[in-house]
Structure formats: structure tokens, C-alpha cells
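Student: Compact mmCIF, N, CA, C and O atoms, file structure.txt:
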```txt
# COMPACT_ATOMS: atom_id res chain seq x y z
N MET O 7 8.30 66.73 -2.35
CA MET O 7 9.32 66.81 -3.38
C MET O 7 10.29 65.65 -3.19
O MET O 7 10.74 65.37 -2.10
N LYS O 8 10.59 65.00 -4.27
CA LYS O 8 11.57 63.92 -4.28
C LYS O 8 12.95 64.54 -4.46
O LYS O 8 13.13 65.45 -5.26
N THR O 9 13.93 64.03 -3.72
CA THR O 9 15.30 64.53 -3.81
C THR O 9 16.21 63.38 -4.24
O THR O 9 16.18 62.31 -3.64
N VAL O 10 17.02 63.64 -5.28
CA VAL O 10 17.93 62.63 -5.81
C VAL O 10 19.33 63.23 -5.86
O VAL O 10 19.51 64.32 -6.40
N THR O 11 20.29 62.52 -5.29
CA THR O 11 21.69 62.92 -5.39
C THR O 11 22.42 61.85 -6.18
O THR O 11 22.39 60.68 -5.83
N LEU O 12 23.04 62.29 -7.27
CA LEU O 12 23.81 61.38 -8.12
C LEU O 12 25.29 61.72 -7.96
O LEU O 12 25.72 62.81 -8.33
N ASP O 13 26.04 60.80 -7.40
CA ASP O 13 27.46 61.01 -7.14
C ASP O 13 28.27 60.27 -8.20
O ASP O 13 28.29 59.04 -8.23
N GLY O 14 28.94 61.05 -9.05
CA GLY O 14 29.75 60.47 -10.12
C GLY O 14 30.88 59.60 -9.61
O GLY O 14 31.36 58.72 -10.31
N ALA O 15 31.31 59.82 -8.35
CA ALA O 15 32.37 59.00 -7.78
C ALA O 15 31.88 57.59 -7.43
O ALA O 15 32.67 56.67 -7.30
N VAL O 16 30.57 57.43 -7.30
CA VAL O 16 29.98 56.15 -6.91
C VAL O 16 29.42 55.39 -8.11
O VAL O 16 29.47 54.17 -8.16
N LEU O 17 28.91 56.12 -9.09
CA LEU O 17 28.31 55.49 -10.26
C LEU O 17 29.42 54.97 -11.18
O LEU O 17 30.12 55.75 -11.81
N ALA O 18 29.56 53.67 -11.24
CA ALA O 18 30.69 53.06 -11.95
C ALA O 18 30.47 52.90 -13.45
O ALA O 18 31.42 52.67 -14.18
N SER O 19 29.23 53.03 -13.89
CA SER O 19 28.95 52.81 -15.31
C SER O 19 27.69 53.56 -15.72
O SER O 19 26.91 53.99 -14.86
N LYS O 20 27.49 53.68 -17.03
CA LYS O 20 26.26 54.34 -17.48
C LYS O 20 25.05 53.48 -17.14
O LYS O 20 23.97 54.02 -16.87
N GLU O 21 25.21 52.17 -17.11
CA GLU O 21 24.11 51.30 -16.71
C GLU O 21 23.70 51.57 -15.27
O GLU O 21 22.51 51.63 -14.95
N ALA O 22 24.70 51.72 -14.39
CA ALA O 22 24.41 52.02 -12.98
C ALA O 22 23.69 53.36 -12.84
O ALA O 22 22.77 53.50 -12.04
N LEU O 23 24.11 54.33 -13.63
CA LEU O 23 23.46 55.64 -13.62
C LEU O 23 21.99 55.52 -14.02
O LEU O 23 21.11 56.01 -13.30
N HIS O 24 21.72 54.84 -15.12
CA HIS O 24 20.35 54.71 -15.60
C HIS O 24 19.50 53.88 -14.63
O HIS O 24 18.33 54.20 -14.40
N GLN O 25 20.07 52.84 -14.05
CA GLN O 25 19.33 52.03 -13.08
C GLN O 25 18.98 52.85 -11.85
O GLN O 25 17.86 52.75 -11.33
N THR O 26 19.92 53.67 -11.39
CA THR O 26 19.67 54.52 -10.22
C THR O 26 18.56 55.52 -10.51
O THR O 26 17.65 55.70 -9.71
N LEU O 27 18.63 56.17 -11.68
CA LEU O 27 17.59 57.13 -12.05
C LEU O 27 16.23 56.44 -12.18
O LEU O 27 15.22 56.95 -11.68
N ALA O 28 16.19 55.31 -12.83
CA ALA O 28 14.93 54.59 -13.02
C ALA O 28 14.31 54.19 -11.69
O ALA O 28 13.10 54.34 -11.49
N ARG O 29 15.13 53.73 -10.77
CA ARG O 29 14.63 53.29 -9.47
C ARG O 29 14.18 54.48 -8.62
O ARG O 29 13.08 54.49 -8.08
N THR O 30 15.02 55.50 -8.50
CA THR O 30 14.71 56.60 -7.59
C THR O 30 13.59 57.50 -8.11
O THR O 30 12.87 58.09 -7.31
N LEU O 31 13.44 57.58 -9.43
CA LEU O 31 12.39 58.44 -9.99
C LEU O 31 11.18 57.64 -10.47
O LEU O 31 10.26 58.20 -11.06
N ALA O 32 11.19 56.35 -10.21
CA ALA O 32 10.06 55.47 -10.55
C ALA O 32 9.66 55.60 -12.02
O ALA O 32 8.50 55.77 -12.37
N PHE O 33 10.67 55.47 -12.89
CA PHE O 33 10.40 55.51 -14.33
C PHE O 33 9.57 54.30 -14.72
O PHE O 33 9.64 53.25 -14.09
N PRO O 34 8.81 54.42 -15.80
CA PRO O 34 7.97 53.29 -16.25
C PRO O 34 8.81 52.12 -16.76
O PRO O 34 10.00 52.28 -17.05
N ASP O 35 8.16 50.99 -16.88
CA ASP O 35 8.86 49.78 -17.33
C ASP O 35 9.47 49.92 -18.72
O ASP O 35 10.43 49.24 -19.03
N TRP O 36 8.91 50.78 -19.55
CA TRP O 36 9.43 50.93 -20.91
C TRP O 36 10.73 51.73 -20.97
O TRP O 36 11.35 51.83 -22.02
N TYR O 37 11.17 52.28 -19.84
CA TYR O 37 12.39 53.09 -19.84
C TYR O 37 13.56 52.26 -20.38
O TYR O 37 13.87 51.20 -19.87
N GLY O 38 14.19 52.76 -21.43
CA GLY O 38 15.21 52.00 -22.14
C GLY O 38 16.63 52.21 -21.67
O GLY O 38 17.55 51.62 -22.23
N GLY O 39 16.84 53.04 -20.66
CA GLY O 39 18.20 53.23 -20.16
C GLY O 39 19.11 53.92 -21.16
O GLY O 39 20.28 53.59 -21.26
N ASN O 40 18.56 54.86 -21.92
CA ASN O 40 19.37 55.63 -22.86
C ASN O 40 18.98 57.11 -22.74
O ASN O 40 18.03 57.45 -22.03
N LEU O 41 19.71 57.98 -23.41
CA LEU O 41 19.51 59.41 -23.23
C LEU O 41 18.17 59.90 -23.76
O LEU O 41 17.55 60.79 -23.16
N ASP O 42 17.70 59.35 -24.86
CA ASP O 42 16.38 59.75 -25.39
C ASP O 42 15.27 59.38 -24.40
O ASP O 42 14.38 60.18 -24.13
N ALA O 43 15.32 58.17 -23.89
CA ALA O 43 14.32 57.72 -22.92
C ALA O 43 14.42 58.53 -21.63
O ALA O 43 13.41 58.84 -21.00
N LEU O 44 15.64 58.88 -21.24
CA LEU O 44 15.84 59.69 -20.03
C LEU O 44 15.13 61.04 -20.19
O LEU O 44 14.39 61.47 -19.30
N PHE O 45 15.35 61.70 -21.32
CA PHE O 45 14.70 62.98 -21.56
C PHE O 45 13.18 62.83 -21.53
O PHE O 45 12.49 63.63 -20.90
N ASP O 46 12.67 61.82 -22.22
CA ASP O 46 11.22 61.60 -22.26
C ASP O 46 10.65 61.40 -20.86
O ASP O 46 9.61 61.99 -20.51
N CYS O 47 11.31 60.58 -20.05
CA CYS O 47 10.80 60.31 -18.70
C CYS O 47 10.89 61.54 -17.81
O CYS O 47 9.98 61.82 -17.03
N LEU O 48 11.97 62.28 -17.92
CA LEU O 48 12.12 63.47 -17.10
C LEU O 48 11.10 64.54 -17.46
O LEU O 48 10.53 65.19 -16.57
N THR O 49 10.85 64.72 -18.73
CA THR O 49 9.89 65.76 -19.12
C THR O 49 8.46 65.33 -18.83
O THR O 49 7.57 66.19 -18.78
N ASP O 50 8.22 64.05 -18.61
CA ASP O 50 6.89 63.55 -18.26
C ASP O 50 6.63 63.55 -16.75
O ASP O 50 5.50 63.29 -16.33
N LEU O 51 7.64 63.84 -15.93
CA LEU O 51 7.46 63.82 -14.48
C LEU O 51 6.37 64.80 -14.07
O LEU O 51 6.37 65.95 -14.50
N SER O 52 5.48 64.34 -13.21
CA SER O 52 4.40 65.20 -12.75
C SER O 52 4.60 65.67 -11.31
O SER O 52 3.85 66.51 -10.82
N GLU O 53 5.58 65.11 -10.63
CA GLU O 53 5.88 65.56 -9.27
C GLU O 53 7.18 66.36 -9.26
O GLU O 53 8.02 66.21 -10.16
N GLU O 54 7.33 67.20 -8.27
CA GLU O 54 8.55 67.99 -8.17
C GLU O 54 9.71 67.11 -7.74
O GLU O 54 9.57 66.23 -6.88
N VAL O 55 10.86 67.35 -8.36
CA VAL O 55 12.06 66.58 -8.05
C VAL O 55 13.26 67.51 -8.07
O VAL O 55 13.37 68.39 -8.91
N SER O 56 14.13 67.31 -7.11
CA SER O 56 15.38 68.04 -7.03
C SER O 56 16.51 67.04 -7.28
O SER O 56 16.63 66.05 -6.57
N ILE O 57 17.33 67.33 -8.30
CA ILE O 57 18.43 66.44 -8.66
C ILE O 57 19.74 67.19 -8.43
O ILE O 57 19.92 68.30 -8.93
N THR O 58 20.62 66.58 -7.67
CA THR O 58 21.94 67.15 -7.41
C THR O 58 22.99 66.23 -8.00
O THR O 58 22.97 65.02 -7.75
N LEU O 59 23.90 66.81 -8.77
CA LEU O 59 25.01 66.06 -9.36
C LEU O 59 26.28 66.40 -8.60
O LEU O 59 26.68 67.56 -8.52
N LEU O 60 26.93 65.38 -8.05
CA LEU O 60 28.19 65.54 -7.34
C LEU O 60 29.30 64.85 -8.12
O LEU O 60 29.07 63.80 -8.72
N ASN O 61 30.49 65.40 -8.08
CA ASN O 61 31.67 64.76 -8.70
C ASN O 61 31.40 64.38 -10.15
O ASN O 61 31.81 63.31 -10.59
N TRP O 62 30.72 65.23 -10.87
CA TRP O 62 30.25 64.87 -12.20
C TRP O 62 31.34 64.94 -13.26
O TRP O 62 31.26 64.27 -14.29
N ASP O 63 32.36 65.71 -13.04
CA ASP O 63 33.41 65.87 -14.06
C ASP O 63 34.17 64.58 -14.33
O ASP O 63 34.70 64.40 -15.42
N GLY O 64 34.20 63.68 -13.37
CA GLY O 64 34.92 62.42 -13.55
C GLY O 64 34.23 61.42 -14.45
O GLY O 64 34.79 60.37 -14.76
N LEU O 65 33.01 61.70 -14.88
CA LEU O 65 32.26 60.73 -15.68
C LEU O 65 32.55 60.85 -17.17
O LEU O 65 31.97 60.12 -17.97
N GLY O 66 33.41 61.75 -17.55
CA GLY O 66 33.83 61.84 -18.94
C GLY O 66 32.73 62.30 -19.88
O GLY O 66 31.79 62.99 -19.49
N ASP O 67 32.86 61.91 -21.15
CA ASP O 67 31.96 62.36 -22.20
C ASP O 67 30.51 61.95 -21.94
O ASP O 67 29.60 62.76 -22.11
N TYR O 68 30.28 60.72 -21.51
CA TYR O 68 28.90 60.28 -21.28
C TYR O 68 28.27 61.08 -20.15
O TYR O 68 27.11 61.48 -20.23
N GLY O 69 29.03 61.35 -19.11
CA GLY O 69 28.52 62.16 -18.01
C GLY O 69 28.13 63.55 -18.46
O GLY O 69 27.11 64.10 -18.02
N GLN O 70 28.91 64.13 -19.35
CA GLN O 70 28.59 65.46 -19.87
C GLN O 70 27.33 65.41 -20.73
O GLN O 70 26.50 66.33 -20.70
N ARG O 71 27.16 64.35 -21.48
CA ARG O 71 25.94 64.19 -22.29
C ARG O 71 24.71 64.03 -21.40
O ARG O 71 23.65 64.60 -21.68
N VAL O 72 24.85 63.26 -20.32
CA VAL O 72 23.75 63.10 -19.37
C VAL O 72 23.40 64.45 -18.74
O VAL O 72 22.23 64.81 -18.61
N LYS O 73 24.44 65.20 -18.36
CA LYS O 73 24.21 66.52 -17.76
C LYS O 73 23.44 67.42 -18.73
O LYS O 73 22.51 68.12 -18.32
N LYS O 74 23.78 67.40 -20.00
CA LYS O 74 23.06 68.20 -21.01
C LYS O 74 21.59 67.78 -21.09
O LYS O 74 20.70 68.63 -21.21
N VAL O 75 21.33 66.48 -21.03
CA VAL O 75 19.95 65.99 -21.07
C VAL O 75 19.20 66.45 -19.82
O VAL O 75 18.05 66.92 -19.91
N LEU O 76 19.84 66.37 -18.67
CA LEU O 76 19.21 66.81 -17.43
C LEU O 76 18.91 68.31 -17.47
O LEU O 76 17.82 68.75 -17.06
N LEU O 77 19.85 69.10 -17.98
CA LEU O 77 19.63 70.55 -18.09
C LEU O 77 18.48 70.85 -19.06
O LEU O 77 17.63 71.70 -18.77
N ALA O 78 18.45 70.17 -20.19
CA ALA O 78 17.39 70.39 -21.17
C ALA O 78 16.03 70.00 -20.59
O ALA O 78 15.03 70.70 -20.79
N ALA O 79 15.98 68.89 -19.87
CA ALA O 79 14.72 68.45 -19.26
C ALA O 79 14.26 69.43 -18.19
O ALA O 79 13.06 69.71 -18.08
N ALA O 80 15.21 69.99 -17.42
CA ALA O 80 14.85 70.97 -16.39
C ALA O 80 14.30 72.25 -17.03
O ALA O 80 13.42 72.89 -16.46
N ARG O 81 14.81 72.62 -18.19
CA ARG O 81 14.26 73.78 -18.90
C ARG O 81 12.85 73.49 -19.42
O ARG O 81 12.00 74.37 -19.44
N GLU O 82 12.62 72.26 -19.82
CA GLU O 82 11.33 71.85 -20.39
C GLU O 82 10.27 71.61 -19.31
O GLU O 82 9.10 71.88 -19.52
N ASN O 83 10.68 71.06 -18.18
CA ASN O 83 9.75 70.69 -17.11
C ASN O 83 10.09 71.50 -15.87
O ASN O 83 11.10 71.24 -15.20
N ASP O 84 9.23 72.45 -15.52
CA ASP O 84 9.52 73.33 -14.39
C ASP O 84 9.40 72.64 -13.04
O ASP O 84 9.66 73.24 -12.00
N ARG O 85 9.07 71.36 -13.03
CA ARG O 85 9.03 70.59 -11.77
C ARG O 85 10.40 70.04 -11.40
O ARG O 85 10.57 69.47 -10.33
N ILE O 86 11.37 70.19 -12.29
CA ILE O 86 12.72 69.67 -12.06
C ILE O 86 13.65 70.81 -11.66
O ILE O 86 13.73 71.82 -12.36
N THR O 87 14.34 70.62 -10.54
CA THR O 87 15.38 71.54 -10.11
C THR O 87 16.69 70.77 -10.19
O THR O 87 16.80 69.66 -9.66
N LEU O 88 17.68 71.34 -10.88
CA LEU O 88 18.96 70.67 -11.06
C LEU O 88 20.06 71.53 -10.47
O LEU O 88 20.14 72.73 -10.72
N GLN O 89 20.93 70.88 -9.69
CA GLN O 89 22.08 71.56 -9.09
C GLN O 89 23.32 70.72 -9.39
O GLN O 89 23.33 69.51 -9.18
N VAL O 90 24.37 71.37 -9.88
CA VAL O 90 25.63 70.69 -10.17
C VAL O 90 26.66 71.23 -9.19
O VAL O 90 26.91 72.44 -9.13
N ILE O 91 27.24 70.33 -8.41
CA ILE O 91 28.24 70.72 -7.41
C ILE O 91 29.60 70.15 -7.81
O ILE O 91 29.72 69.03 -8.18
```
Could you show the structure in this file as C-alpha cells?
Tutor:
Amino acid sequence: MKTVTLDGAVLASKEALHQTLARTLAFPDWYGGNLDALFDCLTDLSEEVSITLLNWDGLGDYGQRVKKVLLAAARENDRITLQVI
């Protein structure tokens, strides 16, 4: 199982967030770094992954939108476990 911790206190921009996700989850080259592509890539994951969100409230509106996408993808793909701390 792959484990990913995303710390909102460290991620300075939405670009940094998408780059971190793409790198740690080995998203394909076509990943566009947007919420639609994020959902598509997450629901296509074939390996189990545990994602933990830390300090997420500080990311504002975009962070909340990302969290909604992550929650929706976890409901769609039972290989994803999501924890918000």
C-alpha cells in the first residue's frame, strides 16, 4: 500500500499540490493538474493508497474543493483510504 501525507502548511500553491500528487501517485503524463484530471486519475488507481490530509483548513476554497474530489474518488474507488486530520 502506498501512503501519501499532504500537509496544507507545506503546500504553498495548487500547482505544488498537483505536482506532489502526480509524483507520489505516479499519475500518467497526460495528468493536467486540475480537479477533473485528479478525479480521473484517482478513480483509475489499481493499487491501494492511503491519503492523509494535514492542516487542510488553511488552504481555503481550493483546498476544500480538492478535499471534495478526494472524498468522491474514495467513494468511487475502494482502493483509496482518506483521512483528514
Student: I'd like the neighbourhood of stretch 54-59 of chain O as a PyMOL selection string, where a residue qualifies if any of its atoms comes within 5 Å (using all atoms listed in the file), though same-chain residues fewer than 4 positions away should be ignored.
Tutor: chain O and resi 7-12+85-91
Student: Using all atoms listed in the file, pick whichever of O:Leu48, O:Leu17, O:Ala22, O:Leu27 has the shortest atom-to-atom distance to O:Ala80.
Tutor: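 Ranked by minimum distance to O:Ala80, first place goes to O:Leu48.
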Student: Could you jot down the atom O of O:Glu21 to atom C of O:Leu41 separation for me, Å, one decimal place?
Tutor: 12.8 Å
Student: In stretch 32-61 of chain O, what's helix (DSSP H, G or I) per DSSP? Answer as a list in words?
Tutor: Leu41, Asp42, Ala43, Leu44, Phe45, Asp46, Cys47, Leu48, Thr49 and Asp50 of chain O
Student: Find the residues around O:Trp62 up to 7 Å (only N, CA, C and O atoms counted), leave out those fewer than 5 positions away in its own chain, and share them as a list of chain:residue names.
Tutor: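 Skipping anything fewer than 5 positions along the chain leaves O:Leu12, O:Asp13, O:Gly14, O:Ala15, O:Gly69, O:Gln70, O:Ile91.
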Student: Grab the atom CA of O:Gly39 to atom O of O:Ala18 distance for me, in Å with one decimal place.
Tutor: 14.5 Å
Student: Go ahead and compute the interatomic distance for atom N of O:Asp42 and atom O of O:Ala28, in Å to one decimal.
Tutor: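 Going from atom N of O:Asp42 over to atom O of O:Ala28 covers 15.0 Å.
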Student: Quick one: everything within 10 Å of O:Leu44, counting only C-alpha atoms, minus sequence neighbours fewer than 3 positions away in the same chain. Send it as a ChimeraX atom specification.
Tutor: /O:24,27-28,33,37-41,47-50,72,75-76,79
